[in-house]
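Trainee: Got a structure for you, questions after.
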Amino acid sequence: MTDQSPPTADLPAAPTEPGERYEATIHAADPALADADALAGVSDLDLDRVPDPSGGIRVLVEPSDISRLVAQGFEVRLHRAVPVQPLDPGLVTADEDNLSWLTARLRAPGEG
Amino acid sequence: MYRTVEQLDTVISTLGSTASSLCEVLRMPESSVQGHEVLGLKLAAGDGGIRPGVLLIGGTHARELMNPDLLVELAVDLVSSHRSGTDIVLGNRTWAAATVRTILDTVDLYLLPCINPDGRSYVMTVDDMWRKNRRDNPGSSCDGVDLNRNVDIVWGVTEGQTSCSPCTDIYCGPSAFSEPENRNVKHVLDTYRIDCFADVHSYSELVIYPWGHALTQTSDSTENFTTLPTGTCLPIQRAGYREYLAPEELARFQQVSATVVREIAAVRGSRYTPEPGMTLYPTTGTHSDYAYSRHLADPALHKTDGYTIETGPFQGNARESFHPADPEPIKREVESGLLGLINSLVVG
């Protein structure tokens with residue numbers, strides 16, 4: 001796991017790049033409050049929530065989302081940039097590999 | 001590695017043409033919003049007649065890439081085993097050829113490996129974290145409907161992770177089943193006898209059963225979803241509302257989920273967690289709850305048990321979790337879990 005939490009992002013008015021997006025977790029700004037209580041309203045903020053291994057609130061957010069969250073009193077911890085980009089082409093199956101796999105798997109018994 | 005939509009279609013078409021005694025290509029009645037034909041498969045051996053049916057769907061959320069590949073590979077493994085009499089070996093779990101033969105002789109298996117082909121293509125060519133379909137939302141600069149918020153179970157109620165805003169990734173759409181990709185799923189449920197349904201998602205290593213919109217209770221059958229208003233764009237307005245599930249139904253969901261968890265663990269020891277959908281986060285308009293709710297909303301409809309499986313663990317970040325560089329171990333363990341789910345209809 002490399003999910004290290006950088007300092008809280010009380011984000012300044014950072015310049016917004018097209019496709020700029022971050023993976024972040026959201027926390028109660030007031031440490032006296034339990035996250036569960038303080039964050040009850042986060043689900044009303046229409047964010048792209050992704051599962052969090054510790055049951056917290058992990059989201060993909062754009063800079064405008066972050067500003068909104070901070071303005072509403074939440075603490076936002078940015079974990080990494082998740083720029084808008086296509087899937088790594090190295091992860092896409094080649095046509096010939098798909099066909100050769102299929103041919104091998106469906107070869108009749110005893111067929112060479 | 002992940003197949004393109006065209007490569008998935010090639011696998012499906014090839015199965016239909018080279019193993020026609022076992023496989024029938026199902027051409028869905030509607031194309032995707034961008035005009036891509038959606039293909040499914042029916043796998044069955046032996047005599048026809050009334051048999052239990054299982055429907056497995058994948059690719060609902062575009063970025064959860066491994067699951068369409070998993071479903072076509074499951075089909076190929078079943079066909080290969082049935083034709084050659086070889087076992088399906090998945091890590092430390094071996095599914096004997098005789099068991100596979102019994103499954104295909106007993107159960108009608110329906111697969112819709114990639115219900116959202118436009119989204120998958122968009123992930124591969126533009127944005128690898130895209131979740132929704134590619135609907136051009138009228139009057140909005142934001143595209144897409146979340147296909148797992150758009151079906152007719154407490155639709156349009158913004159409890160938890162559901163929204164009426166087109167610019168969110170959890171947009172429920174303008175009406176229940178507004179999206180052709182979802183009407184295709186409904187078509188299969190309406191047309192064939194489906195006893196068991198699973199929507200395969202990523203990630204979190206979960207086997208999920210009803211309900212997703214509220215906590216479950218087993219004592220008051222009058223407190224149920226048919227009494228809730230829909231399309232309100234508000235959360236459930238009844239304080240303390242909990243959804244009814246008959247005790248024997250809950251017990252069956254828990255028993256079958258435990259079987260799936262056990263069969264996944266048998267491959268390489270991964271520990272999936274069985275839980276109600278609400279535990280992950282509240283949702284409405286989801287496929288698996290809809291599948292199960294159908295017979296409750298309309299007693300004339302056949303009862304379909306509905307599950308969602310969340311494949312794979314958190315891998316340190318969301319991008320790697322949705323499409324890990326090496327999805328093979330995850331696919332193989334979940335293939336075993338799905339065989340356990342299908343086999344639960346054989347062994348009772």
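The way I read the labels, and the way they are meant: chains A, B, ... in the order of the structure tokens, residue 1 as the first residue of every chain, and ligand 1 as the first ligand shown, with later ones counted on from there.
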Which residues come within 9 Å of B:Leu65, counting only C-alpha atoms, excluding same-chain residues fewer than 3 positions away, as a PyMOL selection string?

Mentor: chain B and resi 2-3+58-59+61-62+68-69+120+123+201-202+322-324

Trainee: Next, the residues of the selection above should be written as a short mmCIF file (atom, residue, chain, number, x, y, z; two decimals), in the first residue's frame with N, CA and C atoms.

Mentor:
data_model
loop_
_atom_site.label_atom_id
_atom_site.label_comp_id
_atom_site.auth_asym_id
_atom_site.auth_seq_id
_atom_site.Cartn_x
_atom_site.Cartn_y
_atom_site.Cartn_z
N TYR B 2 -6.80 -6.18 -20.89
CA TYR B 2 -8.24 -6.00 -21.02
C TYR B 2 -8.65 -5.99 -22.48
N ARG B 3 -9.76 -6.66 -22.78
CA ARG B 3 -10.23 -6.72 -24.16
C ARG B 3 -11.01 -5.46 -24.53
N GLY B 58 -21.96 -7.77 -16.59
CA GLY B 58 -20.72 -7.06 -16.26
C GLY B 58 -20.59 -5.79 -17.06
N GLY B 59 -19.61 -4.99 -16.69
CA GLY B 59 -19.34 -3.76 -17.43
C GLY B 59 -20.35 -2.66 -17.21
N HIS B 61 -20.50 -0.42 -14.83
CA HIS B 61 -19.65 0.76 -14.64
C HIS B 61 -18.41 0.58 -15.51
N ALA B 62 -18.22 1.53 -16.40
CA ALA B 62 -17.25 1.35 -17.48
C ALA B 62 -15.84 1.09 -16.97
N PRO B 68 -16.07 -7.76 -17.57
CA PRO B 68 -16.47 -8.33 -18.88
C PRO B 68 -15.50 -9.41 -19.36
N ASP B 69 -14.20 -9.19 -19.15
CA ASP B 69 -13.23 -10.22 -19.52
C ASP B 69 -13.49 -11.51 -18.73
N ARG B 120 -17.09 1.48 -21.97
CA ARG B 120 -15.81 0.76 -22.01
C ARG B 120 -14.90 1.34 -23.09
N VAL B 123 -13.43 4.56 -21.84
CA VAL B 123 -12.36 4.31 -20.87
C VAL B 123 -11.05 4.00 -21.58
N HIS B 201 -19.12 -6.14 -10.28
CA HIS B 201 -18.49 -4.81 -10.21
C HIS B 201 -17.09 -4.93 -9.61
N SER B 202 -16.41 -3.81 -9.47
CA SER B 202 -15.14 -3.72 -8.75
C SER B 202 -15.18 -2.42 -7.94
N PHE B 322 -9.43 -0.27 -9.89
CA PHE B 322 -10.43 -0.50 -10.94
C PHE B 322 -9.88 -1.32 -12.10
N HIS B 323 -8.62 -1.08 -12.45
CA HIS B 323 -8.03 -1.88 -13.53
C HIS B 323 -6.57 -2.17 -13.23
N PRO B 324 -6.37 -3.17 -12.37
CA PRO B 324 -5.00 -3.53 -11.99
C PRO B 324 -4.19 -4.00 -13.18
#

Trainee: Using only C-alpha atoms, find each residue of stretch 115-140 of chain B with at least one atom at most 9 Å away from an atom of stretch 71-90 of chain A; report its shortest atom-to-atom pair and that distance in Å (one decimal), sort the rows by chain and rising residue number, and return the result as a tab-separated table.

Mentor:
residue	atom	partner	partner_atom	distance
B:Tyr122	CA	A:Pro86	CA	7.8
B:Val123	CA	A:Pro86	CA	5.9
B:Met124	CA	A:Leu87	CA	4.8
B:Thr125	CA	A:Pro86	CA	4.8
B:Val126	CA	A:Pro86	CA	4.3
B:Asp127	CA	A:Pro86	CA	4.6
B:Asp128	CA	A:Leu87	CA	4.8
B:Met129	CA	A:Val84	CA	7.4
B:Trp130	CA	A:Val84	CA	9.0

Trainee: Just want the 12 Å neighbourhood of B:Cys142, counted on only C-alpha atoms, with same-chain residues fewer than 5 positions away dropped. Output as a list in words.

Mentor: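 My reading of the contact set: Lys132, Asn133, Arg134, Arg135, Asp136, Asn137, Ser165, Pro166, Cys167, Thr168, Asp169, Tyr171 and Gly173 of chain B.
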
Trainee: Could you save those same residues with N, CA and C atoms as a compact mmCIF listing (two decimals), in the first residue's frame?

Mentor:
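Output file part14.txt follows:
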# COMPACT_ATOMS: atom_id res chain seq x y z
N LYS B 132 -20.03 6.09 -16.14
CA LYS B 132 -21.42 6.03 -16.61
C LYS B 132 -21.50 5.52 -18.05
N ASN B 133 -22.71 5.54 -18.62
CA ASN B 133 -22.81 5.31 -20.06
C ASN B 133 -22.49 6.63 -20.77
N ARG B 134 -22.75 6.73 -22.05
CA ARG B 134 -22.33 7.92 -22.79
C ARG B 134 -23.54 8.73 -23.26
N ARG B 135 -24.59 8.72 -22.51
CA ARG B 135 -25.78 9.51 -22.80
C ARG B 135 -25.43 10.99 -22.93
N ASP B 136 -25.92 11.62 -23.99
CA ASP B 136 -25.83 13.07 -24.14
C ASP B 136 -27.05 13.64 -23.42
N ASN B 137 -26.84 14.17 -22.22
CA ASN B 137 -27.97 14.63 -21.41
C ASN B 137 -28.51 15.95 -21.94
N SER B 165 -28.52 14.97 -10.38
CA SER B 165 -27.73 15.95 -11.14
C SER B 165 -26.93 15.26 -12.24
N PRO B 166 -27.14 15.65 -13.51
CA PRO B 166 -26.43 14.99 -14.61
C PRO B 166 -24.91 15.12 -14.52
N CYS B 167 -24.42 16.11 -13.79
CA CYS B 167 -22.97 16.31 -13.73
C CYS B 167 -22.27 15.43 -12.70
N THR B 168 -23.03 14.63 -11.99
CA THR B 168 -22.39 13.72 -11.05
C THR B 168 -22.20 12.35 -11.68
N ASP B 169 -21.34 11.57 -11.07
CA ASP B 169 -21.09 10.21 -11.55
C ASP B 169 -22.12 9.22 -11.04
N TYR B 171 -25.54 9.88 -11.35
CA TYR B 171 -26.80 10.44 -11.89
C TYR B 171 -27.76 9.31 -12.25
N GLY B 173 -30.49 9.43 -14.03
CA GLY B 173 -31.19 9.55 -15.31
C GLY B 173 -32.55 10.20 -15.16

Trainee: List every residue of chain A that has an atom at most 10 Å from any atom of chain B, giving for each one its closest atom pair and the distance in Å to one decimal, counting only C-alpha atoms, sorted by chain and then by ascending residue number, as JSON lines.

Mentor:
{"residue": "A:Met1", "atom": "CA", "partner": "B:Gly316", "partner_atom": "CA", "distance": 4.7}
{"residue": "A:Thr2", "atom": "CA", "partner": "B:Gly316", "partner_atom": "CA", "distance": 5.5}
{"residue": "A:Asp3", "atom": "CA", "partner": "B:Gly316", "partner_atom": "CA", "distance": 5.3}
{"residue": "A:Gln4", "atom": "CA", "partner": "B:Gly316", "partner_atom": "CA", "distance": 9.0}
{"residue": "A:Gly19", "atom": "CA", "partner": "B:Asp127", "partner_atom": "CA", "distance": 9.3}
{"residue": "A:Glu23", "atom": "CA", "partner": "B:Ala318", "partner_atom": "CA", "distance": 7.4}
{"residue": "A:Ala24", "atom": "CA", "partner": "B:Asn317", "partner_atom": "CA", "distance": 9.9}
{"residue": "A:Ala40", "atom": "CA", "partner": "B:Gly160", "partner_atom": "CA", "distance": 9.3}
{"residue": "A:Gly41", "atom": "CA", "partner": "B:Gly160", "partner_atom": "CA", "distance": 9.1}
{"residue": "A:Val42", "atom": "CA", "partner": "B:Gly160", "partner_atom": "CA", "distance": 8.7}
{"residue": "A:Ser43", "atom": "CA", "partner": "B:Gly160", "partner_atom": "CA", "distance": 5.1}
{"residue": "A:Asp44", "atom": "CA", "partner": "B:Gly160", "partner_atom": "CA", "distance": 6.7}
{"residue": "A:Leu45", "atom": "CA", "partner": "B:Ser163", "partner_atom": "CA", "distance": 8.9}
{"residue": "A:Asp46", "atom": "CA", "partner": "B:Thr168", "partner_atom": "CA", "distance": 5.9}
{"residue": "A:Leu47", "atom": "CA", "partner": "B:Thr168", "partner_atom": "CA", "distance": 6.4}
{"residue": "A:Asp48", "atom": "CA", "partner": "B:Asp169", "partner_atom": "CA", "distance": 5.4}
{"residue": "A:Arg49", "atom": "CA", "partner": "B:Gln161", "partner_atom": "CA", "distance": 7.7}
{"residue": "A:Val50", "atom": "CA", "partner": "B:Ala318", "partner_atom": "CA", "distance": 7.2}
{"residue": "A:Pro51", "atom": "CA", "partner": "B:Ser204", "partner_atom": "CA", "distance": 6.6}
{"residue": "A:Asp52", "atom": "CA", "partner": "B:Phe314", "partner_atom": "CA", "distance": 7.4}
{"residue": "A:Pro53", "atom": "CA", "partner": "B:Phe314", "partner_atom": "CA", "distance": 6.2}
{"residue": "A:Ser54", "atom": "CA", "partner": "B:Phe314", "partner_atom": "CA", "distance": 9.9}
{"residue": "A:Gly55", "atom": "CA", "partner": "B:Leu280", "partner_atom": "CA", "distance": 8.0}
{"residue": "A:Ile57", "atom": "CA", "partner": "B:Tyr281", "partner_atom": "CA", "distance": 9.8}
{"residue": "A:Arg58", "atom": "CA", "partner": "B:Ala318", "partner_atom": "CA", "distance": 9.0}
{"residue": "A:Val59", "atom": "CA", "partner": "B:Ala318", "partner_atom": "CA", "distance": 9.0}
{"residue": "A:Leu60", "atom": "CA", "partner": "B:Ala318", "partner_atom": "CA", "distance": 8.7}
{"residue": "A:His79", "atom": "CA", "partner": "B:Asn317", "partner_atom": "CA", "distance": 8.5}
{"residue": "A:Arg80", "atom": "CA", "partner": "B:Asn317", "partner_atom": "CA", "distance": 8.4}
{"residue": "A:Val82", "atom": "CA", "partner": "B:Arg319", "partner_atom": "CA", "distance": 7.7}
{"residue": "A:Pro83", "atom": "CA", "partner": "B:Asp127", "partner_atom": "CA", "distance": 8.5}
{"residue": "A:Val84", "atom": "CA", "partner": "B:Asp127", "partner_atom": "CA", "distance": 5.2}
{"residue": "A:Gln85", "atom": "CA", "partner": "B:Asp127", "partner_atom": "CA", "distance": 4.7}
{"residue": "A:Pro86", "atom": "CA", "partner": "B:Val126", "partner_atom": "CA", "distance": 4.3}
{"residue": "A:Leu87", "atom": "CA", "partner": "B:Met124", "partner_atom": "CA", "distance": 4.8}
{"residue": "A:Asp88", "atom": "CA", "partner": "B:Met124", "partner_atom": "CA", "distance": 7.8}
{"residue": "A:Pro89", "atom": "CA", "partner": "B:Met124", "partner_atom": "CA", "distance": 7.8}
{"residue": "A:Gly90", "atom": "CA", "partner": "B:Met1", "partner_atom": "CA", "distance": 7.8}
{"residue": "A:Leu91", "atom": "CA", "partner": "B:Met1", "partner_atom": "CA", "distance": 4.6}
{"residue": "A:Val92", "atom": "CA", "partner": "B:Tyr2", "partner_atom": "CA", "distance": 4.9}
{"residue": "A:Thr93", "atom": "CA", "partner": "B:Arg3", "partner_atom": "CA", "distance": 5.2}
{"residue": "A:Ala94", "atom": "CA", "partner": "B:Arg3", "partner_atom": "CA", "distance": 7.9}
{"residue": "A:Asp95", "atom": "CA", "partner": "B:Gln7", "partner_atom": "CA", "distance": 6.8}
{"residue": "A:Glu96", "atom": "CA", "partner": "B:Gln7", "partner_atom": "CA", "distance": 9.9}
{"residue": "A:Asp97", "atom": "CA", "partner": "B:Arg3", "partner_atom": "CA", "distance": 9.9}
{"residue": "A:Asn98", "atom": "CA", "partner": "B:Gln7", "partner_atom": "CA", "distance": 6.9}
{"residue": "A:Leu99", "atom": "CA", "partner": "B:Val11", "partner_atom": "CA", "distance": 8.2}
{"residue": "A:Trp101", "atom": "CA", "partner": "B:Val11", "partner_atom": "CA", "distance": 9.9}
{"residue": "A:Leu102", "atom": "CA", "partner": "B:Val11", "partner_atom": "CA", "distance": 7.0}
{"residue": "A:Thr103", "atom": "CA", "partner": "B:Thr14", "partner_atom": "CA", "distance": 9.3}
{"residue": "A:Ala104", "atom": "CA", "partner": "B:Ser80", "partner_atom": "CA", "distance": 9.9}
{"residue": "A:Arg105", "atom": "CA", "partner": "B:Ser80", "partner_atom": "CA", "distance": 6.5}
{"residue": "A:Leu106", "atom": "CA", "partner": "B:Ser80", "partner_atom": "CA", "distance": 5.8}
{"residue": "A:Arg107", "atom": "CA", "partner": "B:Ser80", "partner_atom": "CA", "distance": 8.1}
{"residue": "A:Ala108", "atom": "CA", "partner": "B:Ser84", "partner_atom": "CA", "distance": 7.0}
{"residue": "A:Pro109", "atom": "CA", "partner": "B:Ser84", "partner_atom": "CA", "distance": 5.5}
{"residue": "A:Gly110", "atom": "CA", "partner": "B:Ser84", "partner_atom": "CA", "distance": 9.1}

Trainee: Do you know which residues are at most 7 Å from stretch 245-255 of chain B counting only C-alpha atoms, after dropping those on the same chain fewer than 3 positions away, and could you put them as number ranges by chain?

Mentor: B: 209, 216-218, 258-259

Trainee: I'd like the interatomic distance between atom CA of B:Glu335 and atom CA of B:Leu22, to a tenth of an Å.

Mentor: 18.9 Å

Trainee: Which residue is closest to B:Gly348? Choose from B:Glu181, B:Asp195, B:Asp190, B:Leu109 and count only C-alpha atoms.

Mentor: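 Going through B:Glu181, B:Asp195, B:Asp190, B:Leu109 one by one, the smallest distance to B:Gly348 is for B:Asp195.
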
Trainee: What is the distance between atom CA of A:Ser64 and atom CA of B:Cys233, in Å to one decimal?

Mentor: 22.8 Å

Trainee: Can you check which residues of stretch 107-306 of chain B DSSP gives as strand (DSSP E) on the backbone and send them as a list in words?

Mentor: Asp108, Leu109, Tyr110, Leu111, Leu112, Cys196, Phe197, Ala198, Asp199, Val200, His201, Ser202, Leu206, Val207, Ile208, Tyr209, Leu215, Thr216, Gln217, Arg242, Glu243, Tyr244, Thr273, Pro274, Glu275, Pro276, Asp305 and Gly306 of chain B

Trainee: Write the residues of the selection above to a file with C-alpha atoms, as a compact mmCIF listing (two decimals), in the first residue's frame.

Mentor:
# COMPACT_ATOMS: atom_id res chain seq x y z
CA ASP B 108 -29.58 -22.17 -18.28
CA LEU B 109 -26.76 -19.65 -17.95
CA TYR B 110 -27.27 -16.20 -19.46
CA LEU B 111 -24.36 -13.79 -19.76
CA LEU B 112 -24.36 -10.11 -20.67
CA CYS B 196 -30.43 -15.96 -9.73
CA PHE B 197 -28.83 -12.71 -10.90
CA ALA B 198 -25.43 -11.19 -10.26
CA ASP B 199 -24.02 -7.85 -11.36
CA VAL B 200 -20.22 -8.04 -11.26
CA HIS B 201 -18.49 -4.81 -10.21
CA SER B 202 -15.14 -3.72 -8.75
CA LEU B 206 -17.61 -8.05 -1.34
CA VAL B 207 -20.57 -10.32 -2.02
CA ILE B 208 -23.60 -8.07 -1.65
CA TYR B 209 -27.25 -9.00 -1.17
CA LEU B 215 -31.10 -1.17 6.62
CA THR B 216 -32.86 -4.52 6.58
CA GLN B 217 -35.52 -5.65 9.04
CA ARG B 242 -35.89 -0.04 7.30
CA GLU B 243 -36.67 -2.37 4.42
CA TYR B 244 -38.39 -5.70 4.99
CA THR B 273 -17.07 -10.26 2.87
CA PRO B 274 -20.79 -11.04 2.51
CA GLU B 275 -22.99 -8.10 3.46
CA PRO B 276 -26.17 -6.18 2.61
CA ASP B 305 -32.32 -13.63 -6.11
CA GLY B 306 -30.07 -10.62 -6.70

Trainee: Could you give me, as a ChimeraX atom specification, each residue of stretch 134-287 of chain B that DSSP assigns to helix (DSSP H, G or I) when run on this structure's backbone?

Mentor: /B:147-149,180-191,225-227,247-268,277-279,287

Trainee: Take the residues just selected and output them with C-alpha atoms as a PDB file, in the first residue's frame.

Mentor:
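File written: selection_4.pdb
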ATOM      1  CA  LEU B 147     -26.550   2.573 -15.112  1.00  0.00           C
ATOM      2  CA  ASN B 148     -26.541   1.208 -11.580  1.00  0.00           C
ATOM      3  CA  ARG B 149     -28.821   3.971 -10.324  1.00  0.00           C
ATOM      4  CA  PRO B 180     -31.340   1.286 -23.498  1.00  0.00           C
ATOM      5  CA  GLU B 181     -28.438  -0.564 -21.886  1.00  0.00           C
ATOM      6  CA  ASN B 182     -30.632  -1.173 -18.845  1.00  0.00           C
ATOM      7  CA  ARG B 183     -33.724  -2.032 -20.850  1.00  0.00           C
ATOM      8  CA  ASN B 184     -31.670  -4.839 -22.362  1.00  0.00           C
ATOM      9  CA  VAL B 185     -31.088  -6.292 -18.903  1.00  0.00           C
ATOM     10  CA  LYS B 186     -34.788  -5.966 -18.136  1.00  0.00           C
ATOM     11  CA  HIS B 187     -35.537  -7.702 -21.424  1.00  0.00           C
ATOM     12  CA  VAL B 188     -33.577 -10.771 -20.327  1.00  0.00           C
ATOM     13  CA  LEU B 189     -35.288 -10.797 -16.936  1.00  0.00           C
ATOM     14  CA  ASP B 190     -38.681 -10.428 -18.611  1.00  0.00           C
ATOM     15  CA  THR B 191     -38.079 -13.013 -21.324  1.00  0.00           C
ATOM     16  CA  PHE B 225     -40.281  -0.332  -0.869  1.00  0.00           C
ATOM     17  CA  THR B 226     -43.655  -0.494  -2.617  1.00  0.00           C
ATOM     18  CA  THR B 227     -44.900   2.114  -0.150  1.00  0.00           C
ATOM     19  CA  PRO B 247     -36.300 -14.119   7.514  1.00  0.00           C
ATOM     20  CA  GLU B 248     -36.062 -17.216   5.328  1.00  0.00           C
ATOM     21  CA  GLU B 249     -35.054 -15.057   2.373  1.00  0.00           C
ATOM     22  CA  LEU B 250     -32.334 -13.348   4.379  1.00  0.00           C
ATOM     23  CA  ALA B 251     -31.094 -16.744   5.518  1.00  0.00           C
ATOM     24  CA  ARG B 252     -30.887 -17.958   1.931  1.00  0.00           C
ATOM     25  CA  PHE B 253     -29.008 -14.855   0.788  1.00  0.00           C
ATOM     26  CA  GLN B 254     -26.565 -15.318   3.641  1.00  0.00           C
ATOM     27  CA  GLN B 255     -26.131 -19.021   2.918  1.00  0.00           C
ATOM     28  CA  VAL B 256     -25.509 -18.580  -0.803  1.00  0.00           C
ATOM     29  CA  SER B 257     -23.219 -15.593  -0.201  1.00  0.00           C
ATOM     30  CA  ALA B 258     -21.210 -17.726   2.201  1.00  0.00           C
ATOM     31  CA  THR B 259     -20.879 -20.364  -0.515  1.00  0.00           C
ATOM     32  CA  VAL B 260     -19.584 -17.771  -2.988  1.00  0.00           C
ATOM     33  CA  VAL B 261     -17.135 -16.435  -0.410  1.00  0.00           C
ATOM     34  CA  ARG B 262     -15.906 -19.963   0.333  1.00  0.00           C
ATOM     35  CA  GLU B 263     -15.390 -20.809  -3.339  1.00  0.00           C
ATOM     36  CA  ILE B 264     -13.469 -17.580  -3.899  1.00  0.00           C
ATOM     37  CA  ALA B 265     -11.240 -18.274  -0.901  1.00  0.00           C
ATOM     38  CA  ALA B 266     -10.533 -21.796  -2.140  1.00  0.00           C
ATOM     39  CA  VAL B 267      -8.555 -20.421  -5.104  1.00  0.00           C
ATOM     40  CA  ARG B 268      -5.838 -18.502  -3.240  1.00  0.00           C
ATOM     41  CA  GLY B 277     -25.705  -3.472  -0.012  1.00  0.00           C
ATOM     42  CA  MET B 278     -26.445  -0.714   2.475  1.00  0.00           C
ATOM     43  CA  THR B 279     -23.210  -1.524   4.286  1.00  0.00           C
ATOM     44  CA  HIS B 287     -29.650  -3.857 -10.741  1.00  0.00           C
TER      45      HIS B 287
END

Trainee: Applying 9 Å and only C-alpha atoms, which residues near B:Leu339 remain after dropping the ones on its own chain fewer than 3 positions away? List them as a ChimeraX atom specification.

Mentor: /B:74,95,100,103,260,263,334-336,342-344

Trainee: So that I have them on file, write out the residues from the current selection with N, CA and C atoms, as an mmCIF file, in the first residue's frame.

Mentor:
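Okay, this is what ended up in result_18.cif:
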data_model
loop_
_atom_site.group_PDB
_atom_site.id
_atom_site.type_symbol
_atom_site.label_atom_id
_atom_site.label_comp_id
_atom_site.auth_asym_id
_atom_site.auth_seq_id
_atom_site.Cartn_x
_atom_site.Cartn_y
_atom_site.Cartn_z
ATOM 1 N N LEU B 74 -15.171 -17.081 -18.381
ATOM 2 C CA LEU B 74 -15.998 -18.109 -17.740
ATOM 3 C C LEU B 74 -16.730 -18.931 -18.802
ATOM 4 N N TRP B 95 -12.611 -27.387 -10.396
ATOM 5 C CA TRP B 95 -14.003 -27.715 -10.670
ATOM 6 C C TRP B 95 -13.993 -28.904 -11.634
ATOM 7 N N VAL B 100 -19.004 -29.574 -13.967
ATOM 8 C CA VAL B 100 -19.306 -28.600 -15.025
ATOM 9 C C VAL B 100 -20.402 -29.151 -15.935
ATOM 10 N N ILE B 103 -23.672 -28.873 -14.246
ATOM 11 C CA ILE B 103 -24.153 -27.486 -14.242
ATOM 12 C C ILE B 103 -24.811 -27.156 -15.583
ATOM 13 N N VAL B 260 -20.399 -18.522 -2.021
ATOM 14 C CA VAL B 260 -19.584 -17.771 -2.988
ATOM 15 C C VAL B 260 -18.267 -17.361 -2.344
ATOM 16 N N GLU B 263 -15.970 -20.365 -2.064
ATOM 17 C CA GLU B 263 -15.390 -20.809 -3.339
ATOM 18 C C GLU B 263 -14.344 -19.824 -3.860
ATOM 19 N N VAL B 334 -12.729 -15.079 -8.679
ATOM 20 C CA VAL B 334 -14.150 -14.742 -8.785
ATOM 21 C C VAL B 334 -14.855 -15.708 -9.740
ATOM 22 N N GLU B 335 -14.130 -16.226 -10.720
ATOM 23 C CA GLU B 335 -14.722 -17.260 -11.571
ATOM 24 C C GLU B 335 -15.171 -18.446 -10.713
ATOM 25 N N SER B 336 -14.347 -18.821 -9.750
ATOM 26 C CA SER B 336 -14.723 -19.910 -8.853
ATOM 27 C C SER B 336 -15.960 -19.526 -8.037
ATOM 28 N N ILE B 342 -23.609 -20.359 -9.382
ATOM 29 C CA ILE B 342 -24.416 -21.116 -10.350
ATOM 30 C C ILE B 342 -24.726 -22.506 -9.791
ATOM 31 N N ASN B 343 -23.725 -23.124 -9.216
ATOM 32 C CA ASN B 343 -23.892 -24.487 -8.701
ATOM 33 C C ASN B 343 -24.874 -24.547 -7.538
ATOM 34 N N SER B 344 -25.091 -23.399 -6.880
ATOM 35 C CA SER B 344 -26.043 -23.394 -5.770
ATOM 36 C C SER B 344 -27.449 -23.720 -6.252
#

Trainee: Could you please determine the separation between atom CA of B:Asp47 and atom CA of B:Ser20 in Å, to one decimal place?

Mentor: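 For atom CA of B:Asp47 relative to atom CA of B:Ser20, the distance reads 14.3 Å.
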
Trainee: Excluding B:Ile236 and any residue of its chain fewer than 3 positions from it, enumerate the residues within 9 Å of it, using only C-alpha atoms, and give them as a list in words.

Mentor: Val157, Thr158, Glu159, His213, Ala214, Leu228, Pro229, Thr232, Ala239 and Tyr241 of chain B
